[in-house]
Amino acid sequence: MTEENIEKWIKVAKRSGKKGWVLVKEGKVVGVFEERKDAIMAAKEPGVYVLTFVE
């Protein structure tokens, strides 16, 4: 996992047009949540996720 991939995933979250906590896995938006804890609970499958807040 490289820093470049993480930066790309953050860009995917920002370009999604969604507002709130955006959860991204493998370059795809998994979900958007109002509460951070809900996003963390949604990351159930093994793998690398990026969680970022988009305004």
# chains A, B, ... in the order shown; residues from 1 in each chain; ligands from 1
>>> select_by_dssp(residues="chain A", states="alpha helix (DSSP H)", output="ChimeraX atom specification")
/A:3-15,36-42
>>> residues_around(residues="range 10-26 of chain A", least_positions_apart="4", cutoff="7 Å", atoms="only C-alpha atoms", output="list in words")
Ile6, Val30, Gly31, Val32, Phe33, Glu34, Glu35, Arg36, Ala39, Val48, Tyr49, Val50, Leu51, Thr52, Phe53, Val54 and Glu55 of chain A
>>> write_last_selection(atoms="all heavy atoms", output="CSV table (one decimal), in the first residue's frame")
chain,number,residue,atom,x,y,z
A,6,ILE,N,-3.4,6.0,-1.3
A,6,ILE,CA,-4.3,6.6,-0.3
A,6,ILE,C,-4.7,8.0,-0.8
A,6,ILE,O,-5.9,8.3,-0.6
A,6,ILE,CB,-3.5,6.7,1.0
A,6,ILE,CG1,-3.3,5.3,1.6
A,6,ILE,CG2,-4.2,7.6,2.0
A,6,ILE,CD1,-2.4,5.2,2.8
A,30,VAL,N,-17.5,2.9,-0.2
A,30,VAL,CA,-18.3,1.9,0.5
A,30,VAL,C,-19.6,2.5,1.1
A,30,VAL,O,-20.6,1.9,1.0
A,30,VAL,CB,-17.4,1.3,1.6
A,30,VAL,CG1,-18.2,0.3,2.4
A,30,VAL,CG2,-16.2,0.6,1.0
A,31,GLY,N,-19.5,3.7,1.6
A,31,GLY,CA,-20.6,4.4,2.2
A,31,GLY,C,-20.3,5.7,2.7
A,31,GLY,O,-19.1,6.1,2.8
A,32,VAL,N,-21.4,6.5,3.0
A,32,VAL,CA,-21.3,7.8,3.6
A,32,VAL,C,-22.1,7.8,4.9
A,32,VAL,O,-23.2,7.4,4.9
A,32,VAL,CB,-21.8,8.9,2.6
A,32,VAL,CG1,-21.6,10.2,3.2
A,32,VAL,CG2,-21.1,8.7,1.3
A,33,PHE,N,-21.5,8.4,5.9
A,33,PHE,CA,-22.1,8.3,7.2
A,33,PHE,C,-22.0,9.7,7.9
A,33,PHE,O,-21.1,10.4,7.7
A,33,PHE,CB,-21.3,7.3,8.1
A,33,PHE,CG,-21.2,5.9,7.4
A,33,PHE,CD1,-20.2,5.6,6.6
A,33,PHE,CD2,-22.2,5.0,7.7
A,33,PHE,CE1,-20.1,4.4,6.0
A,33,PHE,CE2,-22.1,3.7,7.1
A,33,PHE,CZ,-21.1,3.4,6.2
A,34,GLU,N,-23.0,9.9,8.8
A,34,GLU,CA,-23.1,11.1,9.6
A,34,GLU,C,-22.1,11.1,10.7
A,34,GLU,O,-21.5,12.0,11.1
A,34,GLU,CB,-24.5,11.4,10.0
A,34,GLU,CG,-25.4,11.8,8.9
A,34,GLU,CD,-26.8,12.2,9.5
A,34,GLU,OE1,-26.9,12.5,10.7
A,34,GLU,OE2,-27.8,12.2,8.7
A,35,GLU,N,-22.0,9.9,11.3
A,35,GLU,CA,-21.2,9.7,12.5
A,35,GLU,C,-20.0,8.8,12.1
A,35,GLU,O,-20.1,7.8,11.4
A,35,GLU,CB,-22.0,8.9,13.6
A,35,GLU,CG,-23.2,9.7,14.1
A,35,GLU,CD,-22.8,10.9,14.9
A,35,GLU,OE1,-21.8,10.9,15.6
A,35,GLU,OE2,-23.5,11.9,14.9
A,36,ARG,N,-18.8,9.2,12.7
A,36,ARG,CA,-17.6,8.5,12.4
A,36,ARG,C,-17.7,7.0,12.9
A,36,ARG,O,-17.2,6.1,12.2
A,36,ARG,CB,-16.4,9.2,13.1
A,36,ARG,CG,-15.1,8.6,12.9
A,36,ARG,CD,-14.0,9.5,13.6
A,36,ARG,NE,-12.7,8.8,13.4
A,36,ARG,CZ,-12.2,8.1,14.4
A,36,ARG,NH1,-12.9,7.8,15.5
A,36,ARG,NH2,-11.0,7.5,14.2
A,39,ALA,N,-19.3,4.7,10.4
A,39,ALA,CA,-18.4,4.3,9.3
A,39,ALA,C,-17.4,3.3,9.8
A,39,ALA,O,-17.1,2.3,9.0
A,39,ALA,CB,-17.6,5.6,8.9
A,48,VAL,N,-7.9,-2.8,3.5
A,48,VAL,CA,-7.4,-1.5,3.8
A,48,VAL,C,-8.5,-0.5,3.4
A,48,VAL,O,-9.0,-0.5,2.2
A,48,VAL,CB,-6.1,-1.1,3.1
A,48,VAL,CG1,-5.7,0.3,3.3
A,48,VAL,CG2,-5.0,-2.1,3.5
A,49,TYR,N,-8.9,0.4,4.3
A,49,TYR,CA,-9.9,1.4,4.1
A,49,TYR,C,-9.3,2.8,4.3
A,49,TYR,O,-8.3,2.9,5.0
A,49,TYR,CB,-11.1,1.2,5.1
A,49,TYR,CG,-11.9,0.0,4.9
A,49,TYR,CD1,-11.5,-1.2,5.5
A,49,TYR,CD2,-13.1,0.0,4.3
A,49,TYR,CE1,-12.3,-2.4,5.4
A,49,TYR,CE2,-13.9,-1.1,4.2
A,49,TYR,CZ,-13.5,-2.3,4.7
A,49,TYR,OH,-14.3,-3.4,4.6
A,50,VAL,N,-9.9,3.8,3.7
A,50,VAL,CA,-9.6,5.2,4.0
A,50,VAL,C,-10.9,5.8,4.5
A,50,VAL,O,-12.0,5.7,3.8
A,50,VAL,CB,-9.1,5.9,2.8
A,50,VAL,CG1,-9.0,7.4,3.0
A,50,VAL,CG2,-7.7,5.3,2.4
A,51,LEU,N,-10.9,6.5,5.6
A,51,LEU,CA,-12.0,7.2,6.1
A,51,LEU,C,-11.6,8.6,6.2
A,51,LEU,O,-10.7,9.0,6.8
A,51,LEU,CB,-12.4,6.7,7.5
A,51,LEU,CG,-13.5,7.4,8.2
A,51,LEU,CD1,-14.8,7.2,7.4
A,51,LEU,CD2,-13.7,6.8,9.6
A,52,THR,N,-12.4,9.5,5.5
A,52,THR,CA,-12.1,10.9,5.5
A,52,THR,C,-13.4,11.7,5.6
A,52,THR,O,-14.5,11.2,5.2
A,52,THR,CB,-11.4,11.3,4.2
A,52,THR,OG1,-11.0,12.6,4.2
A,52,THR,CG2,-12.2,11.1,2.9
A,53,PHE,N,-13.4,12.9,6.1
A,53,PHE,CA,-14.5,13.7,6.2
A,53,PHE,C,-14.6,14.7,5.1
A,53,PHE,O,-13.6,15.4,4.8
A,53,PHE,CB,-14.5,14.5,7.6
A,53,PHE,CG,-15.8,15.2,7.8
A,53,PHE,CD1,-16.9,14.5,8.3
A,53,PHE,CD2,-15.9,16.6,7.6
A,53,PHE,CE1,-18.1,15.2,8.5
A,53,PHE,CE2,-17.1,17.2,7.8
A,53,PHE,CZ,-18.2,16.6,8.3
A,54,VAL,N,-15.7,14.7,4.4
A,54,VAL,CA,-15.9,15.6,3.2
A,54,VAL,C,-16.9,16.6,3.5
A,54,VAL,O,-18.0,16.3,3.9
A,54,VAL,CB,-16.2,14.8,1.9
A,54,VAL,CG1,-16.4,15.7,0.8
A,54,VAL,CG2,-15.2,13.8,1.7
A,55,GLU,N,-16.6,17.9,3.3
A,55,GLU,CA,-17.6,19.0,3.6
A,55,GLU,C,-18.2,19.5,2.3
A,55,GLU,O,-17.6,19.5,1.3
A,55,GLU,CB,-16.9,20.1,4.3
A,55,GLU,CG,-16.4,19.7,5.7
A,55,GLU,CD,-15.9,20.9,6.4
A,55,GLU,OE1,-16.7,21.6,7.1
A,55,GLU,OE2,-14.7,21.1,6.3
>>> select_by_dssp(residues="range 14-52 of chain A", states="strand (DSSP E or B)", output="ChimeraX atom specification")
/A:20-25,28-33,49-52
>>> write_last_selection(atoms="C-alpha atoms", output="PDB file, in the first residue's frame")
ATOM      1  CA  GLY A  20     -19.970  13.491   5.737  1.00  0.00           C
ATOM      2  CA  TRP A  21     -17.693  10.618   6.691  1.00  0.00           C
ATOM      3  CA  VAL A  22     -16.825   8.839   3.450  1.00  0.00           C
ATOM      4  CA  LEU A  23     -15.469   5.290   3.673  1.00  0.00           C
ATOM      5  CA  VAL A  24     -13.406   4.114   0.693  1.00  0.00           C
ATOM      6  CA  LYS A  25     -11.993   0.649   0.010  1.00  0.00           C
ATOM      7  CA  LYS A  28     -14.569   2.584  -4.357  1.00  0.00           C
ATOM      8  CA  VAL A  29     -16.903   4.409  -1.998  1.00  0.00           C
ATOM      9  CA  VAL A  30     -18.284   1.897   0.499  1.00  0.00           C
ATOM     10  CA  GLY A  31     -20.631   4.350   2.203  1.00  0.00           C
ATOM     11  CA  VAL A  32     -21.257   7.805   3.591  1.00  0.00           C
ATOM     12  CA  PHE A  33     -22.082   8.309   7.247  1.00  0.00           C
ATOM     13  CA  TYR A  49      -9.919   1.377   4.092  1.00  0.00           C
ATOM     14  CA  VAL A  50      -9.622   5.152   3.995  1.00  0.00           C
ATOM     15  CA  LEU A  51     -12.010   7.173   6.139  1.00  0.00           C
ATOM     16  CA  THR A  52     -12.142  10.899   5.464  1.00  0.00           C
TER      17      THR A  52
END
>>> decode(residues="chain A", atoms="C-alpha atoms", output="tab-separated table (two decimals), in the first residue's frame")
chain	number	residue	atom	x	y	z
A	1	MET	CA	0.00	0.00	0.00
A	2	THR	CA	1.52	3.25	-1.04
A	3	GLU	CA	0.87	6.81	-0.08
A	4	GLU	CA	-0.11	7.50	-3.70
A	5	ASN	CA	-2.99	5.02	-3.49
A	6	ILE	CA	-4.25	6.60	-0.29
A	7	GLU	CA	-4.16	10.04	-1.90
A	8	LYS	CA	-6.11	8.69	-4.90
A	9	TRP	CA	-8.74	7.19	-2.62
A	10	ILE	CA	-9.15	10.51	-0.80
A	11	LYS	CA	-9.69	12.20	-4.17
A	12	VAL	CA	-12.34	9.58	-5.00
A	13	ALA	CA	-14.13	10.46	-1.75
A	14	LYS	CA	-14.03	14.19	-2.52
A	15	ARG	CA	-15.21	13.71	-6.11
A	16	SER	CA	-18.12	11.52	-5.02
A	17	GLY	CA	-20.19	14.59	-4.19
A	18	LYS	CA	-21.11	13.04	-0.86
A	19	LYS	CA	-20.91	15.01	2.39
A	20	GLY	CA	-19.97	13.49	5.74
A	21	TRP	CA	-17.69	10.62	6.69
A	22	VAL	CA	-16.83	8.84	3.45
A	23	LEU	CA	-15.47	5.29	3.67
A	24	VAL	CA	-13.41	4.11	0.69
A	25	LYS	CA	-11.99	0.65	0.01
A	26	GLU	CA	-9.89	-0.24	-3.04
A	27	GLY	CA	-10.79	3.04	-4.73
A	28	LYS	CA	-14.57	2.58	-4.36
A	29	VAL	CA	-16.90	4.41	-2.00
A	30	VAL	CA	-18.28	1.90	0.50
A	31	GLY	CA	-20.63	4.35	2.20
A	32	VAL	CA	-21.26	7.80	3.59
A	33	PHE	CA	-22.08	8.31	7.25
A	34	GLU	CA	-23.08	11.15	9.56
A	35	GLU	CA	-21.21	9.66	12.50
A	36	ARG	CA	-17.59	8.48	12.41
A	37	LYS	CA	-18.39	5.48	14.63
A	38	ASP	CA	-20.97	4.24	12.11
A	39	ALA	CA	-18.38	4.33	9.34
A	40	ILE	CA	-15.93	2.36	11.46
A	41	MET	CA	-18.60	-0.25	12.20
A	42	ALA	CA	-19.28	-0.60	8.45
A	43	ALA	CA	-15.67	-1.60	7.76
A	44	LYS	CA	-16.24	-5.26	8.61
A	45	GLU	CA	-14.50	-7.06	5.77
A	46	PRO	CA	-10.71	-7.45	5.91
A	47	GLY	CA	-8.74	-4.97	3.86
A	48	VAL	CA	-7.42	-1.45	3.78
A	49	TYR	CA	-9.92	1.38	4.09
A	50	VAL	CA	-9.62	5.15	4.00
A	51	LEU	CA	-12.01	7.17	6.14
A	52	THR	CA	-12.14	10.90	5.46
A	53	PHE	CA	-14.54	13.72	6.24
A	54	VAL	CA	-15.85	15.61	3.22
A	55	GLU	CA	-17.58	18.98	3.56
